[in-house]
$ cat target_24.pdb   # PDB, C-alpha atoms, pLDDT in the B column
MODEL        1
ATOM      1  CA  MET A   1      18.194  37.323  69.940  1.00 54.00           C
ATOM      2  CA  GLU A   2      16.660  39.642  67.438  1.00 60.00           C
ATOM      3  CA  SER A   3      18.790  38.136  64.667  1.00 65.00           C
ATOM      4  CA  ASN A   4      17.690  34.657  65.713  1.00 74.00           C
ATOM      5  CA  ARG A   5      14.126  35.727  65.455  1.00 75.00           C
ATOM      6  CA  GLY A   6      14.724  37.170  61.961  1.00 71.00           C
ATOM      7  CA  SER A   7      16.423  33.946  60.925  1.00 79.00           C
ATOM      8  CA  GLN A   8      13.552  31.926  62.327  1.00 85.00           C
ATOM      9  CA  ASN A   9      11.038  34.022  60.383  1.00 86.00           C
ATOM     10  CA  GLY A  10      13.116  33.650  57.222  1.00 86.00           C
ATOM     11  CA  ILE A  11      13.343  29.893  57.674  1.00 90.00           C
ATOM     12  CA  GLN A  12       9.609  29.678  58.337  1.00 92.00           C
ATOM     13  CA  LEU A  13       8.968  31.811  55.251  1.00 92.00           C
ATOM     14  CA  LEU A  14      11.184  29.514  53.147  1.00 92.00           C
ATOM     15  CA  LEU A  15       9.484  26.393  54.530  1.00 93.00           C
ATOM     16  CA  GLY A  16       6.082  27.873  53.742  1.00 93.00           C
ATOM     17  CA  ALA A  17       7.206  28.754  50.209  1.00 93.00           C
ATOM     18  CA  GLU A  18       8.622  25.270  49.758  1.00 94.00           C
ATOM     19  CA  GLN A  19       5.334  23.697  50.893  1.00 95.00           C
ATOM     20  CA  GLU A  20       3.358  25.977  48.569  1.00 95.00           C
ATOM     21  CA  ALA A  21       5.679  25.031  45.685  1.00 95.00           C
ATOM     22  CA  GLN A  22       5.212  21.359  46.539  1.00 96.00           C
ATOM     23  CA  HIS A  23       1.417  21.810  46.450  1.00 95.00           C
ATOM     24  CA  ILE A  24       1.693  23.524  43.049  1.00 96.00           C
ATOM     25  CA  VAL A  25       3.892  20.711  41.704  1.00 96.00           C
ATOM     26  CA  ASN A  26       1.531  18.059  43.093  1.00 95.00           C
ATOM     27  CA  ALA A  27      -1.485  19.832  41.570  1.00 95.00           C
ATOM     28  CA  ALA A  28       0.323  20.027  38.213  1.00 95.00           C
ATOM     29  CA  ARG A  29       1.183  16.315  38.391  1.00 95.00           C
ATOM     30  CA  SER A  30      -2.392  15.413  39.261  1.00 95.00           C
ATOM     31  CA  GLY A  31      -3.666  17.560  36.386  1.00 94.00           C
ATOM     32  CA  LYS A  32      -1.203  15.981  33.989  1.00 95.00           C
ATOM     33  CA  GLN A  33      -2.184  12.486  35.108  1.00 95.00           C
ATOM     34  CA  ALA A  34      -5.866  13.316  34.684  1.00 95.00           C
ATOM     35  CA  ARG A  35      -5.242  14.698  31.174  1.00 95.00           C
ATOM     36  CA  MET A  36      -3.173  11.627  30.283  1.00 95.00           C
ATOM     37  CA  LYS A  37      -5.912   9.311  31.569  1.00 95.00           C
ATOM     38  CA  GLN A  38      -8.543  11.220  29.580  1.00 95.00           C
ATOM     39  CA  ALA A  39      -6.374  11.150  26.431  1.00 95.00           C
ATOM     40  CA  LYS A  40      -5.835   7.395  26.866  1.00 94.00           C
ATOM     41  CA  GLU A  41      -9.571   6.785  27.261  1.00 95.00           C
ATOM     42  CA  GLU A  42     -10.342   8.880  24.171  1.00 95.00           C
ATOM     43  CA  ALA A  43      -7.676   7.042  22.173  1.00 95.00           C
ATOM     44  CA  GLU A  44      -9.061   3.653  23.265  1.00 95.00           C
ATOM     45  CA  LYS A  45     -12.556   4.792  22.273  1.00 95.00           C
ATOM     46  CA  GLU A  46     -11.324   5.915  18.841  1.00 95.00           C
ATOM     47  CA  ILE A  47      -9.448   2.629  18.386  1.00 95.00           C
ATOM     48  CA  ALA A  48     -12.571   0.637  19.271  1.00 95.00           C
ATOM     49  CA  GLU A  49     -14.659   2.687  16.822  1.00 96.00           C
ATOM     50  CA  PHE A  50     -12.062   2.261  14.082  1.00 96.00           C
ATOM     51  CA  ARG A  51     -11.796  -1.479  14.761  1.00 96.00           C
ATOM     52  CA  ALA A  52     -15.608  -1.804  14.571  1.00 96.00           C
ATOM     53  CA  TYR A  53     -15.656   0.174  11.314  1.00 96.00           C
ATOM     54  CA  MET A  54     -12.913  -1.955   9.757  1.00 96.00           C
ATOM     55  CA  GLU A  55     -14.622  -5.171  10.892  1.00 96.00           C
ATOM     56  CA  ALA A  56     -17.906  -4.000   9.342  1.00 95.00           C
ATOM     57  CA  GLU A  57     -16.090  -3.136   6.092  1.00 94.00           C
ATOM     58  CA  PHE A  58     -14.418  -6.539   6.086  1.00 93.00           C
ATOM     59  CA  GLN A  59     -17.720  -8.334   6.647  1.00 91.00           C
ATOM     60  CA  ARG A  60     -19.343  -6.279   3.877  1.00 89.00           C
ATOM     61  CA  LYS A  61     -16.540  -7.207   1.471  1.00 87.00           C
ATOM     62  CA  VAL A  62     -16.768 -10.878   2.463  1.00 83.00           C
ATOM     63  CA  GLU A  63     -20.513 -10.829   1.817  1.00 80.00           C
ATOM     64  CA  GLN A  64     -20.009  -9.148  -1.545  1.00 77.00           C
ATOM     65  CA  THR A  65     -17.294 -11.578  -2.537  1.00 75.00           C
ATOM     66  CA  SER A  66     -19.178 -14.668  -1.452  1.00 73.00           C
ATOM     67  CA  GLY A  67     -22.332 -13.334  -3.067  1.00 65.00           C
ATOM     68  CA  ASP A  68     -20.404 -12.729  -6.269  1.00 66.00           C
ATOM     69  CA  SER A  69     -18.946 -16.203  -6.016  1.00 69.00           C
ATOM     70  CA  GLY A  70     -22.391 -17.758  -5.937  1.00 73.00           C
ATOM     71  CA  ALA A  71     -23.487 -15.561  -8.819  1.00 76.00           C
ATOM     72  CA  ASN A  72     -20.344 -16.500 -10.743  1.00 78.00           C
ATOM     73  CA  VAL A  73     -20.962 -20.192 -10.201  1.00 81.00           C
ATOM     74  CA  LYS A  74     -24.534 -19.860 -11.401  1.00 86.00           C
ATOM     75  CA  ARG A  75     -23.452 -17.795 -14.419  1.00 87.00           C
ATOM     76  CA  LEU A  76     -20.781 -20.363 -15.302  1.00 90.00           C
ATOM     77  CA  GLU A  77     -23.276 -23.207 -14.990  1.00 93.00           C
ATOM     78  CA  GLN A  78     -25.644 -21.406 -17.338  1.00 95.00           C
ATOM     79  CA  GLU A  79     -22.869 -20.688 -19.836  1.00 95.00           C
ATOM     80  CA  THR A  80     -21.699 -24.306 -19.701  1.00 96.00           C
ATOM     81  CA  PHE A  81     -25.225 -25.594 -20.220  1.00 96.00           C
ATOM     82  CA  ALA A  82     -25.687 -23.236 -23.200  1.00 96.00           C
ATOM     83  CA  LYS A  83     -22.391 -24.392 -24.752  1.00 97.00           C
ATOM     84  CA  ILE A  84     -23.318 -28.056 -24.283  1.00 96.00           C
ATOM     85  CA  GLN A  85     -26.685 -27.451 -25.947  1.00 96.00           C
ATOM     86  CA  HIS A  86     -24.949 -25.641 -28.814  1.00 95.00           C
ATOM     87  CA  LEU A  87     -22.500 -28.506 -29.292  1.00 95.00           C
ATOM     88  CA  LYS A  88     -25.336 -31.064 -29.259  1.00 94.00           C
ATOM     89  CA  THR A  89     -27.205 -29.075 -31.889  1.00 93.00           C
ATOM     90  CA  GLU A  90     -24.083 -28.792 -34.038  1.00 92.00           C
ATOM     91  CA  ALA A  91     -23.384 -32.517 -33.659  1.00 90.00           C
ATOM     92  CA  GLU A  92     -26.940 -33.398 -34.673  1.00 90.00           C
ATOM     93  CA  SER A  93     -26.787 -31.152 -37.721  1.00 90.00           C
ATOM     94  CA  ILE A  94     -23.580 -32.703 -39.078  1.00 90.00           C
ATOM     95  CA  SER A  95     -23.968 -36.278 -37.834  1.00 88.00           C
ATOM     96  CA  HIS A  96     -25.639 -37.414 -41.070  1.00 88.00           C
ATOM     97  CA  ASP A  97     -22.811 -35.892 -43.139  1.00 87.00           C
ATOM     98  CA  VAL A  98     -20.152 -37.441 -40.898  1.00 87.00           C
ATOM     99  CA  GLY A  99     -21.841 -40.847 -41.193  1.00 88.00           C
ATOM    100  CA  GLN A 100     -21.911 -40.563 -44.986  1.00 90.00           C
ATOM    101  CA  MET A 101     -18.247 -39.542 -45.083  1.00 90.00           C
ATOM    102  CA  LEU A 102     -17.236 -42.479 -42.888  1.00 88.00           C
ATOM    103  CA  LEU A 103     -19.211 -44.906 -45.031  1.00 88.00           C
ATOM    104  CA  ARG A 104     -17.587 -43.575 -48.163  1.00 88.00           C
ATOM    105  CA  GLN A 105     -14.099 -43.897 -46.625  1.00 86.00           C
ATOM    106  CA  VAL A 106     -14.740 -47.424 -45.434  1.00 87.00           C
ATOM    107  CA  THR A 107     -16.307 -48.658 -48.667  1.00 88.00           C
ATOM    108  CA  THR A 108     -13.804 -47.054 -51.009  1.00 85.00           C
ATOM    109  CA  VAL A 109     -10.928 -49.362 -51.887  1.00 80.00           C
ATOM    110  CA  LYS A 110      -7.697 -47.784 -52.896  1.00 78.00           C
ATOM    111  CA  ASN A 111      -5.234 -49.632 -55.044  1.00 68.00           C
TER     112      ASN A 111
ENDMDL
END
$ encode --input "target_24.pdb" --output "structure tokens"
Amino acid sequence: MESNRGSQNGIQLLLGAEQEAQHIVNAARSGKQARMKQAKEEAEKEIAEFRAYMEAEFQRKVEQTSGDSGANVKRLEQETFAKIQHLKTEAESISHDVGQMLLRQVTTVKN
């Protein structure tokens, strides 16, 4: 009977150790899950911040580009207007000479 009692105590001791080990494993799993959840939340927060930063950069570049486009159009219009005025001035200055040359060519008879 005494050996049965010793066996029973040993079995109870093993069962208690097994339960304690199970609690330790469960606590470790819960801790790991909590750390994983926290890491996921932090990563999502960083991704959202990065996405917002990149979107702001994109919008800033779009504004700069479209602003430059408007400035380029205006600059080109001014340059075109200046060139047209220059050509008109040049045409006016030589129009008398061109008219004289044409008259001479038309009135000169070659044999």
$ atom_distance --input "target_24.pdb" --atom1 "CA of Ile84 (chain A)" --atom2 "CA of Ser66 (chain A)"
26.8 Å
$ atom_distance --input "target_24.pdb" --atom1 "CA of Gln64 (chain A)" --atom2 "CA of Arg51 (chain A)"
19.8 Å
$ atom_distance --input "target_24.pdb" --atom1 "CA of Arg29 (chain A)" --atom2 "CA of Lys45 (chain A)"
24.1 Å
$ closest_atom_pairs --input "target_24.pdb" --of "region 33-100 of chain A" --to "region 8-28 of chain A" --cutoff "12 Å" --atoms "only C-alpha atoms" --output "CSV"
residue,atom,partner,partner_atom,distance
A:Gln33,CA,A:Ala28,CA,8.5
A:Ala34,CA,A:Ala28,CA,9.8
A:Arg35,CA,A:Ala28,CA,10.4
